[in-house]
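Next up, run_7.txt (compact mmCIF, C-alpha atoms):
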# COMPACT_ATOMS: atom_id res chain seq x y z
CA MET Z 1354 0.00 0.00 0.00
CA ASN Z 1355 1.30 3.46 -0.78
CA ALA Z 1356 1.12 6.51 1.52
CA THR Z 1357 -1.84 8.00 -0.36
CA THR Z 1358 -3.98 4.91 0.18
CA GLN Z 1359 -3.06 4.69 3.88
CA SER Z 1360 -3.98 8.29 4.66
CA ARG Z 1361 -7.31 8.22 2.83
CA PRO Z 1362 -10.34 7.98 5.17
CA LEU Z 1363 -12.06 4.61 5.21
CA LYS Z 1364 -15.61 4.20 3.96
CA HIS Z 1365 -17.72 3.63 7.06
CA GLY Z 1366 -21.25 4.56 7.92
CA VAL Z 1367 -21.59 7.52 10.26
CA GLY Z 1368 -24.43 5.94 12.22
CA LEU Z 1369 -22.63 2.67 12.82
CA THR Z 1370 -19.42 4.42 13.87
CA LEU Z 1371 -21.24 6.67 16.33
CA LEU Z 1372 -23.29 3.78 17.70
CA ALA Z 1373 -20.13 1.74 18.28
CA GLY Z 1374 -18.41 4.76 19.86
CA LEU Z 1375 -21.40 5.82 22.00
CA PRO Z 1376 -19.86 4.70 25.31
CA LEU Z 1377 -16.59 6.45 24.43
CA PHE Z 1378 -17.99 9.91 23.92
CA THR Z 1379 -20.76 9.84 26.51
CA LEU Z 1380 -18.80 8.38 29.44
CA LEU Z 1381 -16.90 11.56 30.33
CA PRO Z 1382 -19.85 14.00 30.35
CA LEU Z 1383 -22.05 11.37 31.97
CA GLY Z 1384 -19.52 11.02 34.80
CA LEU Z 1385 -19.96 14.70 35.57
CA ASP Z 1386 -23.70 15.10 35.12
CA ILE Z 1387 -25.05 11.92 36.69
CA PHE Z 1388 -23.51 12.73 40.06
CA LEU Z 1389 -24.96 16.26 40.32
CA PRO Z 1390 -28.15 15.19 42.15
CA ALA Z 1391 -25.96 13.59 44.85
CA VAL Z 1392 -23.97 16.75 45.64
CA TYR Z 1393 -25.79 17.39 48.91
CA GLN Z 1394 -25.50 13.75 50.09
CA ILE Z 1395 -21.79 13.69 49.23
CA GLY Z 1396 -21.24 16.88 51.23
CA GLU Z 1397 -23.11 15.37 54.17
CA PHE Z 1398 -21.13 12.14 53.91
CA PHE Z 1399 -17.80 13.96 54.16
CA ASN Z 1400 -19.18 16.54 56.64
CA ASN Z 1401 -17.94 19.20 54.24
CA GLN Z 1402 -20.15 20.84 51.62
CA ASN Z 1403 -17.04 22.10 49.78
CA VAL Z 1404 -16.04 18.59 48.71
CA PRO Z 1405 -18.71 18.20 45.99
CA SER Z 1406 -17.95 21.57 44.41
CA MET Z 1407 -14.24 20.73 44.49
CA ALA Z 1408 -15.08 17.38 42.88
CA ILE Z 1409 -16.76 19.21 40.00
CA SER Z 1410 -13.80 21.57 39.56
CA VAL Z 1411 -11.26 18.74 39.73
CA TYR Z 1412 -13.27 16.73 37.22
CA MET Z 1413 -13.40 19.65 34.78
CA LEU Z 1414 -9.69 20.40 35.23
CA PHE Z 1415 -8.63 16.83 34.48
CA TRP Z 1416 -11.09 16.67 31.58
CA GLY Z 1417 -9.01 19.36 29.89
CA VAL Z 1418 -5.59 18.14 31.06
CA GLY Z 1419 -6.49 14.62 30.00
CA GLN Z 1420 -7.41 15.68 26.48
CA LEU Z 1421 -4.04 17.39 26.10
CA PHE Z 1422 -2.25 14.25 27.29
CA TRP Z 1423 -4.35 11.64 25.49
CA GLY Z 1424 -4.33 13.49 22.16
CA GLY Z 1425 -0.62 12.81 21.83
CA MET Z 1426 -1.01 9.29 23.15
CA ALA Z 1427 -3.69 8.48 20.57
CA ASP Z 1428 -1.25 9.48 17.84
CA THR Z 1429 1.56 7.47 19.44
CA ILE Z 1430 -0.04 4.23 20.65
CA GLY Z 1431 -3.27 4.34 18.66
CA LYS Z 1432 -6.85 5.30 19.29
CA LYS Z 1433 -8.05 1.85 20.35
CA LYS Z 1434 -5.32 1.37 22.97
CA THR Z 1435 -5.88 4.91 24.25
CA ALA Z 1436 -9.61 4.27 24.63
CA LEU Z 1437 -9.06 0.91 26.35
CA ILE Z 1438 -6.56 2.38 28.83
CA GLY Z 1439 -9.01 5.20 29.52
CA LEU Z 1440 -11.88 2.78 30.10
CA VAL Z 1441 -9.80 0.85 32.64
CA ILE Z 1442 -8.75 4.02 34.48
CA PHE Z 1443 -12.34 5.33 34.51
CA SER Z 1444 -13.74 2.02 35.72
CA VAL Z 1445 -11.15 1.39 38.44
CA SER Z 1446 -11.35 4.92 39.82
CA SER Z 1447 -15.17 4.72 39.83
CA MET Z 1448 -14.96 1.44 41.76
CA LEU Z 1449 -12.54 3.04 44.25
CA ILE Z 1450 -14.95 5.92 44.79
CA SER Z 1451 -17.81 3.52 45.45
CA GLY Z 1452 -15.87 2.12 48.42
CA ILE Z 1453 -14.63 5.41 49.88
CA GLU Z 1454 -14.77 6.10 53.65
CA GLN Z 1455 -15.98 9.28 55.37
CA ASP Z 1456 -12.51 10.45 56.35
CA GLU Z 1457 -11.14 10.06 52.81
CA SER Z 1458 -12.33 13.26 51.11
CA MET Z 1459 -8.90 13.90 49.56
CA GLN Z 1460 -8.85 10.38 48.12
CA PHE Z 1461 -12.34 11.02 46.76
CA LEU Z 1462 -11.07 14.11 44.95
CA ALA Z 1463 -8.00 12.25 43.68
CA TYR Z 1464 -10.17 9.40 42.37
CA ARG Z 1465 -12.48 11.93 40.67
CA ALA Z 1466 -9.41 13.42 38.96
CA LEU Z 1467 -8.36 9.94 37.82
CA GLN Z 1468 -11.88 9.14 36.70
CA SER Z 1469 -12.00 12.25 34.53
CA PHE Z 1470 -8.47 11.68 33.24
CA GLY Z 1471 -9.45 8.17 32.12
CA GLY Z 1472 -12.74 9.31 30.63
CA SER Z 1473 -10.95 12.00 28.64
CA ALA Z 1474 -8.90 9.27 26.91
CA CYS Z 1475 -12.11 7.78 25.55
CA PHE Z 1476 -13.47 11.18 24.58
CA THR Z 1477 -10.26 12.11 22.78
CA ALA Z 1478 -9.99 8.75 21.01
CA ILE Z 1479 -13.49 8.89 19.51
CA PHE Z 1480 -12.99 12.41 18.17
CA ALA Z 1481 -9.65 11.34 16.64
CA LEU Z 1482 -11.30 8.26 15.15
CA ILE Z 1483 -14.08 10.29 13.57
CA ARG Z 1484 -11.58 12.77 12.17
CA MET Z 1485 -9.59 9.87 10.72
CA ARG Z 1486 -12.53 7.98 9.17
CA PHE Z 1487 -14.50 10.78 7.58
CA GLU Z 1488 -13.90 13.84 5.48
CA GLY Z 1489 -15.84 16.70 3.92
CA ALA Z 1490 -19.61 16.62 4.21
CA THR Z 1491 -19.56 13.20 5.90
CA LEU Z 1492 -17.25 14.54 8.62
CA ASN Z 1493 -19.58 17.49 9.16
CA LYS Z 1494 -22.52 15.09 9.39
CA ALA Z 1495 -20.66 12.94 11.94
CA TYR Z 1496 -19.82 15.97 14.08
CA SER Z 1497 -23.44 17.17 13.91
CA TYR Z 1498 -24.74 13.83 15.13
CA LEU Z 1499 -22.04 13.62 17.78
CA ASN Z 1500 -22.86 17.07 19.14
CA GLY Z 1501 -26.57 16.26 19.10
CA ILE Z 1502 -25.99 13.17 21.20
CA LEU Z 1503 -23.63 15.05 23.52
CA ALA Z 1504 -26.30 17.73 24.06
CA PHE Z 1505 -28.65 15.01 25.33
CA VAL Z 1506 -26.30 13.84 28.13
CA PRO Z 1507 -26.48 16.95 30.39
CA VAL Z 1508 -30.27 16.79 30.21
CA SER Z 1509 -30.77 13.08 30.81
CA ALA Z 1510 -27.90 12.17 33.16
CA PRO Z 1511 -29.06 14.30 36.13
CA LEU Z 1512 -32.54 12.78 35.82
CA ILE Z 1513 -31.07 9.28 35.87
CA GLY Z 1514 -28.80 10.26 38.77
CA ALA Z 1515 -31.73 11.72 40.73
CA TYR Z 1516 -33.72 8.53 40.29
CA ILE Z 1517 -30.79 6.38 41.44
CA VAL Z 1518 -30.05 8.60 44.46
CA GLU Z 1519 -33.74 8.54 45.44
CA LYS Z 1520 -33.74 4.73 45.41
CA SER Z 1521 -30.27 4.07 46.88
CA ALA Z 1522 -27.08 5.62 48.25
CA TRP Z 1523 -24.91 7.99 46.19
CA PHE Z 1524 -22.22 5.29 46.02
CA THR Z 1525 -24.46 3.44 43.58
CA LEU Z 1526 -23.80 6.13 40.97
CA PHE Z 1527 -20.11 5.30 41.02
CA SER Z 1528 -20.74 1.56 41.01
CA LEU Z 1529 -22.83 2.11 37.90
CA MET Z 1530 -20.05 4.17 36.32
CA ALA Z 1531 -17.57 1.39 37.11
CA VAL Z 1532 -19.76 -1.08 35.24
CA MET Z 1533 -20.24 1.34 32.32
CA GLY Z 1534 -16.49 1.69 31.96
CA ARG Z 1535 -16.03 -2.05 31.43
Using structure tokens, write down the structure from this file.
Amino acid sequence: MNATTQSRPLKHGVGLTLLAGLPLFTLLPLGLDIFLPAVYQIGEFFNNQNVPSMAISVYMLFWGVGQLFWGGMADTIGKKKTALIGLVIFSVSSMLISGIEQDESMQFLAYRALQSFGGSACFTAIFALIRMRFEGATLNKAYSYLNGILAFVPVSAPLIGAYIVEKSAWFTLFSLMAVMGR
């Protein structure tokens, strides 16, 4: 194969690619939005109402830092490996959060940072994959669909989180995220 053939985008359906990548690009925003209804309970658990707001800030910070890091890694080790490493980090850190103790608020924040860092690998990998597979009008179509789906997460995730928190403890949210990352 020559260099021209290798760099040409592959012919794949937009819908199928986005369906297959759905967990990769929804995991990171879902990890932020699903836990919002539990903010008060988390503050009560740690006897510190500042912990949940710090958890949001830490998550957002490592969302950005992670994308900077994982963008280069996706080019170096590949998009699939980057996404798989990210899924493992997201899942393990979510599991660690689900078993946190009351006196471990700093560990909670550290695990939230790790969770976001791992989720950003998945987020970065799917955007790189889409950019690699499509071009022109098809790329624009893929980005439109992707952004439409991403707009749905901040609306639906807090509703799902509220339902879960109403029926069980806030830890359940993180157990669910651990399973979703697998």
TODO: Within 12 Å of Glu1454 of chain Z, counting only C-alpha atoms, which residues show up once you throw out same-chain ones fewer than 4 positions away? Write them as a PyMOL selection string, please.
DONE: chain Z and resi 1395+1398-1400+1449-1450+1458-1461+1524
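One distance worth recording is that between atom CA of Tyr1464 of chain Z and atom CA of Phe1415 of chain Z, which is 10.9 Å.
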Open item on the list: So, with only C-alpha atoms as the atoms that count, which of Z:Gly1489, Z:Gly1431, Z:Gly1439, Z:Gly1452 lies closest to Cys1475 of chain Z?
Closed with: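 Between Z:Gly1489, Z:Gly1431, Z:Gly1439, Z:Gly1452, the residue approaching Cys1475 of chain Z most closely is Z:Gly1439.
Taking atom CA of Trp1523 of chain Z and atom CA of Pro1511 of chain Z as endpoints, the distance between them is 12.6 Å.
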TODO: Point out the residue among Z:Ala1427, Z:Met1407, Z:Ile1483, Z:Leu1526 with the least atom-to-atom distance to Pro1390 of chain Z, counting all atoms listed in the file.
DONE: Z:Leu1526
Task: Residues near Leu1421 of chain Z, cut-off 12 Å, all atoms listed in the file, skip fewer than 4 positions along chain, as a list of chain:residue names - done: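 Surrounding residues, per the criterion: Z:Leu1414, Z:Phe1415, Z:Trp1416, Z:Gly1417, Z:Gly1425, Z:Met1426, Z:Ala1427, Z:Asp1428, Z:Phe1470, Z:Ser1473, Z:Ala1474, Z:Phe1476, Z:Thr1477, Z:Ala1478.
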Would you save the residues from that selection as a PDB file, keeping the file's coordinate frame, using C-alpha atoms?
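Dumped everything to part-v7.pdb:
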ATOM      1  CA  LEU Z1414      -9.690  20.400  35.230  1.00  0.00           C
ATOM      2  CA  PHE Z1415      -8.630  16.830  34.480  1.00  0.00           C
ATOM      3  CA  TRP Z1416     -11.090  16.670  31.580  1.00  0.00           C
ATOM      4  CA  GLY Z1417      -9.010  19.360  29.890  1.00  0.00           C
ATOM      5  CA  GLY Z1425      -0.620  12.810  21.830  1.00  0.00           C
ATOM      6  CA  MET Z1426      -1.010   9.290  23.150  1.00  0.00           C
ATOM      7  CA  ALA Z1427      -3.690   8.480  20.570  1.00  0.00           C
ATOM      8  CA  ASP Z1428      -1.250   9.480  17.840  1.00  0.00           C
ATOM      9  CA  PHE Z1470      -8.470  11.680  33.240  1.00  0.00           C
ATOM     10  CA  SER Z1473     -10.950  12.000  28.640  1.00  0.00           C
ATOM     11  CA  ALA Z1474      -8.900   9.270  26.910  1.00  0.00           C
ATOM     12  CA  PHE Z1476     -13.470  11.180  24.580  1.00  0.00           C
ATOM     13  CA  THR Z1477     -10.260  12.110  22.780  1.00  0.00           C
ATOM     14  CA  ALA Z1478      -9.990   8.750  21.010  1.00  0.00           C
TER      15      ALA Z1478
END
- [ ] Dig up all the protein and nucleic acid residues within 10 Å of (-23.3, 13.1, 34.0) in the file frame, using all atoms listed in the file, and format them as a PyMOL selection string.
- [x] chain Z and resi 1379-1390+1506-1514+1526+1530
Open item on the list: Report, in Å to a single decimal, how far apart atom CA of Trp1423 of chain Z and atom CA of Ala1436 of chain Z are.
Closed with: 9.1 Å
TODO: Around the point (-13.4, 10.3, 18.8), in the coordinates given by the file, pick out the residues reaching within 12 Å, counting all atoms listed in the file, and return them as a ChimeraX atom specification.
DONE: /Z:1370-1379,1420,1423-1424,1427,1431-1433,1435-1436,1472-1487,1492,1495-1496,1499-1500
Open item on the list: I need the residue nearest Ala1515 of chain Z from this list: Z:Val1404, Z:Met1413, Z:Ile1502, Z:Ala1391. Use only C-alpha atoms for the distance.
Closed with: Z:Ala1391
Can you tell me, as lines of an AutoDock Vina configuration file, the centre and edge lengths (Å, one decimal) of the axis-aligned box enclosing all of segment 1495-1500 of chain Z's listed atoms after padding each side by 8 Å?
center_x = -22.3
center_y = 15.1
center_z = 15.5
size_x = 20.9
size_y = 20.2
size_z = 23.2
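Counting only C-alpha atoms and comparing Z:Val1441, Z:Ala1490, Z:Phe1527, Z:Thr1429, the residue that lies closest to Ile1453 of chain Z is Z:Phe1527.
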